[in-house]
$ cat structure.pdb   # PDB, C-alpha atoms
MODEL        1
ATOM      1  CA  MET A   1      85.065  11.870  35.239
ATOM      2  CA  ASP A   2      88.519  10.313  35.505
ATOM      3  CA  TYR A   3      87.272   8.325  38.470
ATOM      4  CA  PHE A   4      84.926   6.229  36.296
ATOM      5  CA  GLU A   5      87.581   5.651  33.636
ATOM      6  CA  THR A   6      89.957   4.028  36.142
ATOM      7  CA  LEU A   7      87.364   1.647  37.590
ATOM      8  CA  ASP A   8      87.248  -2.086  36.981
ATOM      9  CA  PRO A   9      84.693  -2.926  34.219
ATOM     10  CA  LEU A  10      82.432  -4.817  36.668
ATOM     11  CA  LEU A  11      82.337  -1.928  39.126
ATOM     12  CA  LYS A  12      81.818   0.554  36.299
ATOM     13  CA  THR A  13      78.882  -1.527  35.025
ATOM     14  CA  LEU A  14      77.364  -1.664  38.503
ATOM     15  CA  TRP A  15      77.624   2.125  38.805
ATOM     16  CA  PHE A  16      76.050   2.600  35.367
ATOM     17  CA  ILE A  17      73.143   0.434  36.525
ATOM     18  CA  ALA A  18      72.853   2.002  39.997
ATOM     19  CA  ILE A  19      72.758   5.685  39.078
ATOM     20  CA  PRO A  20      69.818   5.679  36.611
ATOM     21  CA  THR A  21      67.958   3.034  38.620
ATOM     22  CA  THR A  22      68.229   5.129  41.773
ATOM     23  CA  LEU A  23      66.969   8.197  39.927
ATOM     24  CA  ILE A  24      64.018   6.258  38.494
ATOM     25  CA  PHE A  25      63.244   4.832  41.939
ATOM     26  CA  ALA A  26      63.361   8.308  43.495
ATOM     27  CA  ILE A  27      61.005   9.676  40.826
ATOM     28  CA  GLN A  28      58.611   6.734  41.305
ATOM     29  CA  THR A  29      58.643   7.251  45.070
ATOM     30  CA  ILE A  30      58.003  10.993  44.842
ATOM     31  CA  LEU A  31      55.176  10.499  42.337
ATOM     32  CA  THR A  32      53.627   7.810  44.529
ATOM     33  CA  PHE A  33      53.663   9.993  47.657
ATOM     34  CA  VAL A  34      52.375  13.038  45.787
ATOM     35  CA  GLY A  35      49.559  10.968  44.310
ATOM     36  CA  VAL A  36      50.424  11.592  40.675
ATOM     37  CA  ASP A  37      51.335   7.962  40.145
ATOM     38  CA  ALA A  38      48.043   6.181  39.517
ATOM     39  CA  HIS A  39      49.895   3.023  38.489
ATOM     40  CA  ASP A  40      50.771   0.999  41.585
ATOM     41  CA  GLY A  41      53.054  -1.622  40.028
ATOM     42  CA  LEU A  42      50.478  -4.380  40.111
ATOM     43  CA  ASN A  43      49.879  -4.558  36.370
ATOM     44  CA  ALA A  44      52.278  -6.159  33.943
ATOM     45  CA  ASP A  45      53.906  -4.246  31.139
ATOM     46  CA  PHE A  46      52.662  -6.915  28.729
ATOM     47  CA  ASP A  47      49.614  -9.125  28.316
ATOM     48  CA  SER A  48      49.914 -12.591  29.799
ATOM     49  CA  VAL A  49      47.781 -15.252  31.389
ATOM     50  CA  HIS A  50      48.862 -16.108  34.895
ATOM     51  CA  GLY A  51      47.457 -18.379  37.526
ATOM     52  CA  GLY A  52      46.826 -17.106  40.999
ATOM     53  CA  ASP A  53      44.489 -14.961  42.980
ATOM     54  CA  SER A  54      46.699 -11.913  43.279
ATOM     55  CA  GLU A  55      47.004  -9.095  40.793
ATOM     56  CA  PHE A  56      50.731  -8.909  41.471
ATOM     57  CA  GLN A  57      52.783  -9.269  38.290
ATOM     58  CA  LEU A  58      56.362 -10.436  38.403
ATOM     59  CA  PHE A  59      57.345  -8.635  35.203
ATOM     60  CA  SER A  60      56.597  -4.966  35.763
ATOM     61  CA  PHE A  61      58.701  -1.842  35.436
ATOM     62  CA  ARG A  62      58.590  -1.278  39.199
ATOM     63  CA  ASN A  63      59.835  -4.818  39.898
ATOM     64  CA  LEU A  64      62.615  -4.366  37.358
ATOM     65  CA  THR A  65      63.572  -1.140  39.121
ATOM     66  CA  ASN A  66      63.504  -2.867  42.526
ATOM     67  CA  PHE A  67      65.632  -5.755  41.262
ATOM     68  CA  LEU A  68      68.224  -3.512  39.617
ATOM     69  CA  LEU A  69      68.346  -1.309  42.707
ATOM     70  CA  GLY A  70      69.128  -4.254  44.982
ATOM     71  CA  PHE A  71      71.452  -5.873  42.451
ATOM     72  CA  SER A  72      73.575  -2.821  41.683
ATOM     73  CA  TRP A  73      73.910  -1.374  45.174
ATOM     74  CA  THR A  74      74.750  -4.780  46.658
ATOM     75  CA  GLY A  75      77.442  -5.240  44.030
ATOM     76  CA  ILE A  76      78.885  -1.793  44.736
ATOM     77  CA  SER A  77      78.712  -2.249  48.505
ATOM     78  CA  PHE A  78      80.408  -5.646  48.584
ATOM     79  CA  TYR A  79      82.835  -5.092  45.702
ATOM     80  CA  LYS A  80      85.919  -4.713  47.913
ATOM     81  CA  LEU A  81      84.808  -7.368  50.419
ATOM     82  CA  ILE A  82      84.167 -10.150  47.880
ATOM     83  CA  PRO A  83      87.023 -10.444  45.366
ATOM     84  CA  ASN A  84      85.385 -13.301  43.425
ATOM     85  CA  SER A  85      83.212 -11.633  40.759
ATOM     86  CA  ILE A  86      80.964 -14.679  40.229
ATOM     87  CA  LEU A  87      80.207 -14.861  43.947
ATOM     88  CA  LEU A  88      79.598 -11.107  44.013
ATOM     89  CA  ILE A  89      77.181 -11.278  41.070
ATOM     90  CA  GLY A  90      75.416 -14.260  42.677
ATOM     91  CA  LEU A  91      74.975 -12.422  45.965
ATOM     92  CA  SER A  92      73.796  -9.317  44.118
ATOM     93  CA  PHE A  93      71.271 -11.403  42.172
ATOM     94  CA  ILE A  94      69.919 -12.943  45.387
ATOM     95  CA  VAL A  95      69.531  -9.523  47.013
ATOM     96  CA  GLY A  96      67.773  -8.223  43.886
ATOM     97  CA  VAL A  97      65.304 -11.108  44.073
ATOM     98  CA  LEU A  98      64.836 -10.405  47.792
ATOM     99  CA  PHE A  99      63.957  -6.790  46.943
ATOM    100  CA  ILE A 100      61.190  -8.094  44.665
ATOM    101  CA  ALA A 101      60.029 -10.528  47.385
ATOM    102  CA  VAL A 102      59.863  -7.757  49.989
ATOM    103  CA  PHE A 103      57.900  -5.575  47.561
ATOM    104  CA  PHE A 104      55.545  -8.522  46.946
ATOM    105  CA  LEU A 105      55.011  -8.972  50.702
ATOM    106  CA  ILE A 106      54.315  -5.265  51.143
ATOM    107  CA  ILE A 107      51.770  -5.332  48.309
ATOM    108  CA  ARG A 108      50.126  -8.416  49.861
ATOM    109  CA  GLN A 109      49.755  -6.593  53.179
ATOM    110  CA  ILE A 110      48.316  -3.540  51.430
ATOM    111  CA  GLU A 111      45.819  -5.755  49.575
ATOM    112  CA  ARG A 112      44.666  -7.143  52.937
ATOM    113  CA  LEU A 113      43.697  -3.629  53.999
ATOM    114  CA  ALA A 114      41.073  -3.462  51.247
ATOM    115  CA  GLU A 115      37.510  -3.535  52.458
ATOM    116  CA  ASP A 116      34.398  -4.581  50.552
ATOM    117  CA  ASN A 117      31.474  -2.426  51.652
ATOM    118  CA  THR A 118      29.097  -3.749  49.032
ATOM    119  CA  PHE A 119      25.495  -3.948  50.204
ATOM    120  CA  ARG A 120      24.074  -7.435  49.669
ATOM    121  CA  ILE A 121      20.326  -7.848  49.988
ATOM    122  CA  ILE A 122      20.666 -11.563  50.846
ATOM    123  CA  ASN A 123      22.638 -10.772  53.980
ATOM    124  CA  SER A 124      20.037  -8.270  55.190
ATOM    125  CA  LEU A 125      17.028 -10.607  54.918
ATOM    126  CA  ASP A 126      17.977 -12.787  57.881
TER     127      ASP A 126
ENDMDL
END

$ encode --input "structure.pdb" --output "structure tokens"
Amino acid sequence: MDYFETLDPLLKTLWFIAIPTTLIFAIQTILTFVGVDAHDGLNADFDSVHGGDSEFQLFSFRNLTNFLLGFSWTGISFYKLIPNSILLIGLSFIVGVLFIAVFFLIIRQIERLAEDNTFRIINSLD
């Protein structure tokens, strides 16, 4: 535990964000692949009115996990390469937002795979 006590406060903070976030992400991933996770990250953790045709919600627990995962691990990875802490936090923030964007694009592609097999009597009368 002496290793964490000697770290710079920024790096220590990044590690304290990365470790629990990675564990939560691993649990979410395992539950998703096993099929226990019925919640797919498309619903918000709060009630809000949003415009748009997609059910994707920006403020969900899964998106928070994705953002913190990208933010913390980018900060840890580039800590020694980028000595300016403001630039490091800015880069980490951008990568965290990119993680959310990639998740959004993946969800969009999955939504395209949906098929509507509803029988419509109007279409069969022709």

$ closest_residue --input "structure.pdb" --among "A:Thr118, A:Asn123, A:Thr74, A:Ser60" --to "Val95 in chain A" --atoms "all atoms listed in the file"
A:Thr74

$ closest_residue --input "structure.pdb" --among "A:Phe99, A:Phe119, A:Phe61, A:Trp73" --to "Ile19 in chain A" --atoms "only C-alpha atoms"
A:Trp73

$ atom_distance --input "structure.pdb" --atom1 "CA of Phe104 in chain A" --atom2 "CA of Trp15 in chain A"
25.8 Å

$ resolve_selection --input "structure.pdb" --expression "the PyMOL selection byres ((chain A and resi 11) around 10)" --output "PyMOL selection string"
chain A and resi 4+7-10+12-17+72+75-76+79-80+85

$ resolve_selection --input "structure.pdb" --expression "the PyMOL selection byres ((chain A and resi 101) around 12)" --output "number ranges by chain"
A: 56-58, 63, 66-67, 70, 94-100, 102-108

$ atom_distance --input "structure.pdb" --atom1 "CA of Phe25 in chain A" --atom2 "CA of Phe71 in chain A"
13.5 Å

$ axis_aligned_box --input "structure.pdb" --around "range 66-83 of chain A" --padding-each-side "4 Å" --output "JSON"
{"center_x": 75.3, "center_y": -5.9, "center_z": 45.0, "size_x": 31.5, "size_y": 17.1, "size_z": 18.8}

$ decode --input "structure.pdb" --residues "range 88-108 of chain A" --atoms "N, CA and C atoms" --output "PDB file, in the first residue's frame"
ATOM      1  N   LEU A  88      -3.458  16.971 -19.723  1.00  0.00           N
ATOM      2  CA  LEU A  88      -3.737  15.561 -19.460  1.00  0.00           C
ATOM      3  C   LEU A  88      -5.215  15.343 -19.132  1.00  0.00           C
ATOM      4  N   ILE A  89      -5.779  16.192 -18.287  1.00  0.00           N
ATOM      5  CA  ILE A  89      -7.194  16.076 -17.937  1.00  0.00           C
ATOM      6  C   ILE A  89      -8.067  16.360 -19.160  1.00  0.00           C
ATOM      7  N   GLY A  90      -7.673  17.325 -19.983  1.00  0.00           N
ATOM      8  CA  GLY A  90      -8.419  17.619 -21.210  1.00  0.00           C
ATOM      9  C   GLY A  90      -8.422  16.449 -22.176  1.00  0.00           C
ATOM     10  N   LEU A  91      -7.261  15.836 -22.374  1.00  0.00           N
ATOM     11  CA  LEU A  91      -7.172  14.670 -23.244  1.00  0.00           C
ATOM     12  C   LEU A  91      -7.994  13.511 -22.678  1.00  0.00           C
ATOM     13  N   SER A  92      -7.902  13.319 -21.368  1.00  0.00           N
ATOM     14  CA  SER A  92      -8.668  12.248 -20.725  1.00  0.00           C
ATOM     15  C   SER A  92     -10.165  12.480 -20.877  1.00  0.00           C
ATOM     16  N   PHE A  93     -10.598  13.729 -20.744  1.00  0.00           N
ATOM     17  CA  PHE A  93     -12.010  14.066 -20.925  1.00  0.00           C
ATOM     18  C   PHE A  93     -12.463  13.758 -22.347  1.00  0.00           C
ATOM     19  N   ILE A  94     -11.654  14.126 -23.329  1.00  0.00           N
ATOM     20  CA  ILE A  94     -12.000  13.869 -24.732  1.00  0.00           C
ATOM     21  C   ILE A  94     -12.117  12.371 -24.993  1.00  0.00           C
ATOM     22  N   VAL A  95     -11.183  11.593 -24.468  1.00  0.00           N
ATOM     23  CA  VAL A  95     -11.244  10.138 -24.665  1.00  0.00           C
ATOM     24  C   VAL A  95     -12.474   9.560 -23.956  1.00  0.00           C
ATOM     25  N   GLY A  96     -12.815  10.069 -22.785  1.00  0.00           N
ATOM     26  CA  GLY A  96     -14.022   9.611 -22.102  1.00  0.00           C
ATOM     27  C   GLY A  96     -15.271   9.882 -22.921  1.00  0.00           C
ATOM     28  N   VAL A  97     -15.345  11.049 -23.539  1.00  0.00           N
ATOM     29  CA  VAL A  97     -16.481  11.378 -24.401  1.00  0.00           C
ATOM     30  C   VAL A  97     -16.474  10.484 -25.637  1.00  0.00           C
ATOM     31  N   LEU A  98     -15.298  10.180 -26.165  1.00  0.00           N
ATOM     32  CA  LEU A  98     -15.203   9.270 -27.311  1.00  0.00           C
ATOM     33  C   LEU A  98     -15.688   7.865 -26.950  1.00  0.00           C
ATOM     34  N   PHE A  99     -15.421   7.420 -25.726  1.00  0.00           N
ATOM     35  CA  PHE A  99     -15.938   6.121 -25.282  1.00  0.00           C
ATOM     36  C   PHE A  99     -17.462   6.115 -25.330  1.00  0.00           C
ATOM     37  N   ILE A 100     -18.088   7.205 -24.893  1.00  0.00           N
ATOM     38  CA  ILE A 100     -19.549   7.297 -24.939  1.00  0.00           C
ATOM     39  C   ILE A 100     -20.023   7.321 -26.391  1.00  0.00           C
ATOM     40  N   ALA A 101     -19.313   8.047 -27.261  1.00  0.00           N
ATOM     41  CA  ALA A 101     -19.688   8.126 -28.676  1.00  0.00           C
ATOM     42  C   ALA A 101     -19.584   6.760 -29.352  1.00  0.00           C
ATOM     43  N   VAL A 102     -18.539   6.019 -29.050  1.00  0.00           N
ATOM     44  CA  VAL A 102     -18.385   4.680 -29.630  1.00  0.00           C
ATOM     45  C   VAL A 102     -19.500   3.769 -29.134  1.00  0.00           C
ATOM     46  N   PHE A 103     -19.839   3.856 -27.849  1.00  0.00           N
ATOM     47  CA  PHE A 103     -20.940   3.059 -27.318  1.00  0.00           C
ATOM     48  C   PHE A 103     -22.245   3.433 -28.012  1.00  0.00           C
ATOM     49  N   PHE A 104     -22.459   4.731 -28.244  1.00  0.00           N
ATOM     50  CA  PHE A 104     -23.651   5.204 -28.944  1.00  0.00           C
ATOM     51  C   PHE A 104     -23.706   4.624 -30.355  1.00  0.00           C
ATOM     52  N   LEU A 105     -22.580   4.630 -31.066  1.00  0.00           N
ATOM     53  CA  LEU A 105     -22.551   4.084 -32.427  1.00  0.00           C
ATOM     54  C   LEU A 105     -22.816   2.581 -32.429  1.00  0.00           C
ATOM     55  N   ILE A 106     -22.294   1.879 -31.457  1.00  0.00           N
ATOM     56  CA  ILE A 106     -22.551   0.440 -31.357  1.00  0.00           C
ATOM     57  C   ILE A 106     -24.035   0.182 -31.104  1.00  0.00           C
ATOM     58  N   ILE A 107     -24.636   0.948 -30.207  1.00  0.00           N
ATOM     59  CA  ILE A 107     -26.063   0.787 -29.923  1.00  0.00           C
ATOM     60  C   ILE A 107     -26.894   1.105 -31.162  1.00  0.00           C
ATOM     61  N   ARG A 108     -26.511   2.133 -31.912  1.00  0.00           N
ATOM     62  CA  ARG A 108     -27.215   2.474 -33.155  1.00  0.00           C
ATOM     63  C   ARG A 108     -27.176   1.309 -34.138  1.00  0.00           C
TER      64      ARG A 108
END
